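Report on the structure given below.
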Amino acid sequence: MKRHILFVDDEPNILKGLQRTLRSLREQWEMAFAEDAATALERLEKESFDVIISDMRMPLMDGAQLLRKVQEKYPMMVRIILSGHSDQEMIMKTVKSAHQYLSKPCEKQALIDAVTRACYLRDTLNKKSLQYVISGIDTMPILPALYTRIMAELNSKDASAASVGAIISMDVGMTAKILQLVNSSFFGMPRHVSTPMEAVVLLGIDVVKTLILSIEVFAKFRETTMSLLPVSKIYDHCVQTGAIAKKIAILENMTKEESDNAMIAGILHDLGRLLLADNFPDEYREVMAYVKENQVPVHGAELKILGVTHAQVGAYLLGLWGLPDNIVEGVAFHHSPSASIVKGFDLCGLVHVANLMEHHEQMMSGGWDKLTGVDTDYLDQYDRTKRIPLWRDSLRMK
Ligand SMILES: [Fe+2]
Ligand SMILES: [Fe+2]
């Protein structure tokens, strides 16, 4: 399938440069170029595009304004900012509307990777339902208590990366958003950063402050959501699942990076659930009623009522934001790791098992022998079923 990509930049030389470097991709990419935002918008009226890649500083209408318009009119389009490093402060204006940031001059491979990865999950999901759901998601809900805590910490004189990072890692939405920023190639980090603490160190407290205090990315959970779902419990469940996934990764001798990523995938695995419930309260009420009446798992009911599951929605957004592939896959396949195309026991398996173990621990702490609901085909395939007792016992050791 050919991708349609629109580049916008007020400097003709930059557009020409892009055209030249990307010529070898013309079999896969259909590319168009516009020298200002108005021309870009006209173009979008006439043709449909998968991706828009825009400069930030442009006369009349800048990149932030352009992407906001595109977000309103064409919510499914992948929106990328391609900008110079001096624009760091302006970039914060696009945190709500851009999916990714690339820095100028941009390496060809970084650009190809960003586009390919951002398009990948979209292709595999039910477009209509996803479009409906994604366009309805506006803000990232966060827990009122944590919101108050992070505000106080950021405003205090002794705020440190450690103290701020620790609060962020207790919040599903803030963790997702800060990792989106730090992993965007715009900030030029040498490798993927997967802990909120590292992210705060690298971005600096000021950027984090701007992100959390002055942009309306985050909003407290709506009252209706709080009455619909045991939000605090789900938070605990997510944070615990992250801790368990990391523990298992260590027991399985995975690398430090893999076990850090396992923790993040665990924390983020039910992000989609929080987003769906908060942004679609009416539909989600139906989902919950359907679960009760038919005794089916939540993701089955979501598929029936909304056409997508929380695993798909969460993974889709995280993928779009450029989080590491294995984190995105761990979230996407946490209910059924054998559906993943990745071979080997990896984050999909870890998050899957950690999620179930967490539920079992909640229901019968210390009292379960058999892990029900587990994807046995998957665990057998990688010879891991026999490891479950060991994993379980490691949780009980203080
Ligand atoms: Fe889930
Ligand atoms: Fe879960």
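Labels used: A, B, ... for chains in the order of the structure tokens, numbers from 1 for residues in each chain, and numbers from 1 for ligands as shown.
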Could you build a table of the residues in stretch 59-121 of chain A lying no more than 12 Å from stretch 2-22 of chain A, giving for each the nearest pair of atoms and their separation in Å rounded to one decimal place, using only C-alpha atoms, ordered by chain and ascending residue number, as JSON lines?
```
{"residue": "A:Pro59", "atom": "CA", "partner": "A:Asp10", "partner_atom": "CA", "distance": 7.8}
{"residue": "A:Leu60", "atom": "CA", "partner": "A:Asp10", "partner_atom": "CA", "distance": 10.5}
{"residue": "A:Met61", "atom": "CA", "partner": "A:Asp10", "partner_atom": "CA", "distance": 10.5}
{"residue": "A:Asp62", "atom": "CA", "partner": "A:Asp9", "partner_atom": "CA", "distance": 9.8}
{"residue": "A:Gly63", "atom": "CA", "partner": "A:Val8", "partner_atom": "CA", "distance": 8.6}
{"residue": "A:Leu66", "atom": "CA", "partner": "A:Val8", "partner_atom": "CA", "distance": 9.7}
{"residue": "A:Leu67", "atom": "CA", "partner": "A:Val8", "partner_atom": "CA", "distance": 10.8}
{"residue": "A:Val70", "atom": "CA", "partner": "A:Leu6", "partner_atom": "CA", "distance": 11.8}
{"residue": "A:Met77", "atom": "CA", "partner": "A:Ile5", "partner_atom": "CA", "distance": 9.7}
{"residue": "A:Val78", "atom": "CA", "partner": "A:Ile5", "partner_atom": "CA", "distance": 9.3}
{"residue": "A:Arg79", "atom": "CA", "partner": "A:Leu6", "partner_atom": "CA", "distance": 10.0}
{"residue": "A:Ile80", "atom": "CA", "partner": "A:Phe7", "partner_atom": "CA", "distance": 9.6}
{"residue": "A:Ile81", "atom": "CA", "partner": "A:Val8", "partner_atom": "CA", "distance": 9.5}
{"residue": "A:Leu82", "atom": "CA", "partner": "A:Asp9", "partner_atom": "CA", "distance": 8.9}
{"residue": "A:Ser83", "atom": "CA", "partner": "A:Asp9", "partner_atom": "CA", "distance": 9.7}
{"residue": "A:Gly84", "atom": "CA", "partner": "A:Ile14", "partner_atom": "CA", "distance": 11.9}
{"residue": "A:Lys104", "atom": "CA", "partner": "A:Ile14", "partner_atom": "CA", "distance": 9.5}
{"residue": "A:Pro105", "atom": "CA", "partner": "A:Ile14", "partner_atom": "CA", "distance": 9.0}
{"residue": "A:Cys106", "atom": "CA", "partner": "A:Leu18", "partner_atom": "CA", "distance": 9.2}
{"residue": "A:Glu107", "atom": "CA", "partner": "A:Thr21", "partner_atom": "CA", "distance": 9.5}
{"residue": "A:Lys108", "atom": "CA", "partner": "A:Thr21", "partner_atom": "CA", "distance": 7.1}
{"residue": "A:Gln109", "atom": "CA", "partner": "A:Leu22", "partner_atom": "CA", "distance": 9.9}
{"residue": "A:Ala110", "atom": "CA", "partner": "A:Leu22", "partner_atom": "CA", "distance": 11.9}
{"residue": "A:Leu111", "atom": "CA", "partner": "A:Leu22", "partner_atom": "CA", "distance": 9.5}
{"residue": "A:Ile112", "atom": "CA", "partner": "A:Leu22", "partner_atom": "CA", "distance": 9.0}
{"residue": "A:Val115", "atom": "CA", "partner": "A:Ile5", "partner_atom": "CA", "distance": 9.0}
{"residue": "A:Thr116", "atom": "CA", "partner": "A:Arg3", "partner_atom": "CA", "distance": 9.1}
{"residue": "A:Ala118", "atom": "CA", "partner": "A:Arg3", "partner_atom": "CA", "distance": 11.4}
{"residue": "A:Cys119", "atom": "CA", "partner": "A:Arg3", "partner_atom": "CA", "distance": 8.6}
{"residue": "A:Tyr120", "atom": "CA", "partner": "A:Arg3", "partner_atom": "CA", "distance": 11.0}
```
Using the selection just defined, write its residues with C-alpha atoms as a short mmCIF file (atom, residue, chain, number, x, y, z; two decimals), in the first residue's frame.
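Output below, filename result-v3.cif:
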```
data_model
loop_
_atom_site.label_atom_id
_atom_site.label_comp_id
_atom_site.auth_asym_id
_atom_site.auth_seq_id
_atom_site.Cartn_x
_atom_site.Cartn_y
_atom_site.Cartn_z
CA PRO A 59 4.81 33.10 8.19
CA LEU A 60 1.05 33.68 8.56
CA MET A 61 0.20 30.28 9.98
CA ASP A 62 2.82 28.31 11.91
CA GLY A 63 3.20 24.56 12.26
CA LEU A 66 -1.61 24.07 10.99
CA LEU A 67 -1.47 20.79 12.90
CA VAL A 70 -5.44 19.13 10.62
CA MET A 77 -3.73 11.70 9.78
CA VAL A 78 -0.30 11.13 11.31
CA ARG A 79 1.05 14.55 12.32
CA ILE A 80 4.78 15.14 12.54
CA ILE A 81 6.71 18.34 13.24
CA LEU A 82 10.08 18.73 11.55
CA SER A 83 11.86 21.56 13.22
CA GLY A 84 15.15 23.17 14.24
CA LYS A 104 16.31 19.43 11.25
CA PRO A 105 18.45 18.42 9.51
CA CYS A 106 16.72 15.08 9.57
CA GLU A 107 18.41 11.82 8.81
CA LYS A 108 16.70 9.91 6.07
CA GLN A 109 16.40 6.74 8.13
CA ALA A 110 14.89 8.53 11.14
CA LEU A 111 12.24 9.99 8.89
CA ILE A 112 11.45 6.66 7.24
CA VAL A 115 6.53 7.32 9.16
CA THR A 116 6.61 3.54 8.87
CA ALA A 118 3.35 5.51 12.90
CA CYS A 119 1.43 3.93 10.03
CA TYR A 120 1.94 0.31 11.02
#
```
Closest pair table for chain A residues within 9 Å of ligand 2, only C-alpha atoms and all ligand atoms, as CSV:
```
residue,atom,partner,partner_atom_place_in_ligand_line,distance
A:Ile234,CA,ligand 2,1 (Fe),7.6
A:His237,CA,ligand 2,1 (Fe),6.7
A:Cys238,CA,ligand 2,1 (Fe),6.5
A:Thr241,CA,ligand 2,1 (Fe),7.5
A:Gly266,CA,ligand 2,1 (Fe),8.3
A:His269,CA,ligand 2,1 (Fe),6.4
A:Asp270,CA,ligand 2,1 (Fe),5.4
A:Arg273,CA,ligand 2,1 (Fe),8.9
A:His334,CA,ligand 2,1 (Fe),8.0
A:His335,CA,ligand 2,1 (Fe),8.5
A:Val351,CA,ligand 2,1 (Fe),8.8
A:His352,CA,ligand 2,1 (Fe),8.4
A:Ala354,CA,ligand 2,1 (Fe),8.7
A:Asn355,CA,ligand 2,1 (Fe),5.1
A:Leu356,CA,ligand 2,1 (Fe),7.4
A:Glu358,CA,ligand 2,1 (Fe),8.2
A:His359,CA,ligand 2,1 (Fe),7.8
```
Those of stretch 85-316 of chain A in DSSP alpha helix (DSSP H), formatted as a PyMOL selection string: chain A and resi 88-91+108-124+127-136+144-155+161-168+172-183+196-203+205-209+223-228+231-251+256-268+271-279+281-294+298-306+310-316
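In this comparison, which uses only C-alpha atoms, the residue of A:Ala176, A:Met31, A:Ala159, A:Leu143 approaching A:Ile327 most closely is A:Ala176.
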Residues at most 10 Å from A:Leu317, counting only C-alpha atoms, excluding those fewer than 6 positions away in the same chain, as a list of chain:residue names? A:His99, A:Ala118, A:Leu121, A:Arg122, A:Ile134, A:Ala176, A:Gln180, A:Leu271, A:Gly272, A:Leu323, A:Val328
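Counting from atom CA of A:Ala64, the distance to atom CA of A:Ala40 is 13.5 Å.
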Stretch 147-151 of chain A: which residues within 12 Å, counting only C-alpha atoms, same-chain residues fewer than 4 positions away excluded, as a PyMOL selection string? chain A and resi 140-143+155-156+159-161+163-174+205+208-214+218-221
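Comparing A:Val193, A:Val331, A:Ala301, A:Met58 by their smallest distance to ligand 1, the closest is A:Val331 (using only C-alpha atoms and all ligand atoms).
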Once DSSP has gone over the backbone, tell me which residues of stretch 51-284 of chain A are in strand (DSSP E), as JSON, numbers by chain. {"A": [51, 52, 53, 54, 78, 79, 80, 81, 82, 83, 100, 101, 102, 103, 140, 141, 142, 218, 219, 220]}
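Distance check against ligand 1 using only C-alpha atoms and all ligand atoms: of A:Thr309, A:Gln362, A:Thr385, A:Thr372, the minimum falls on A:Thr309.
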What separation in Å, quoted to one decimal, exists between atom CA of A:Gln131 and atom CA of A:Tyr74? 9.5 Å
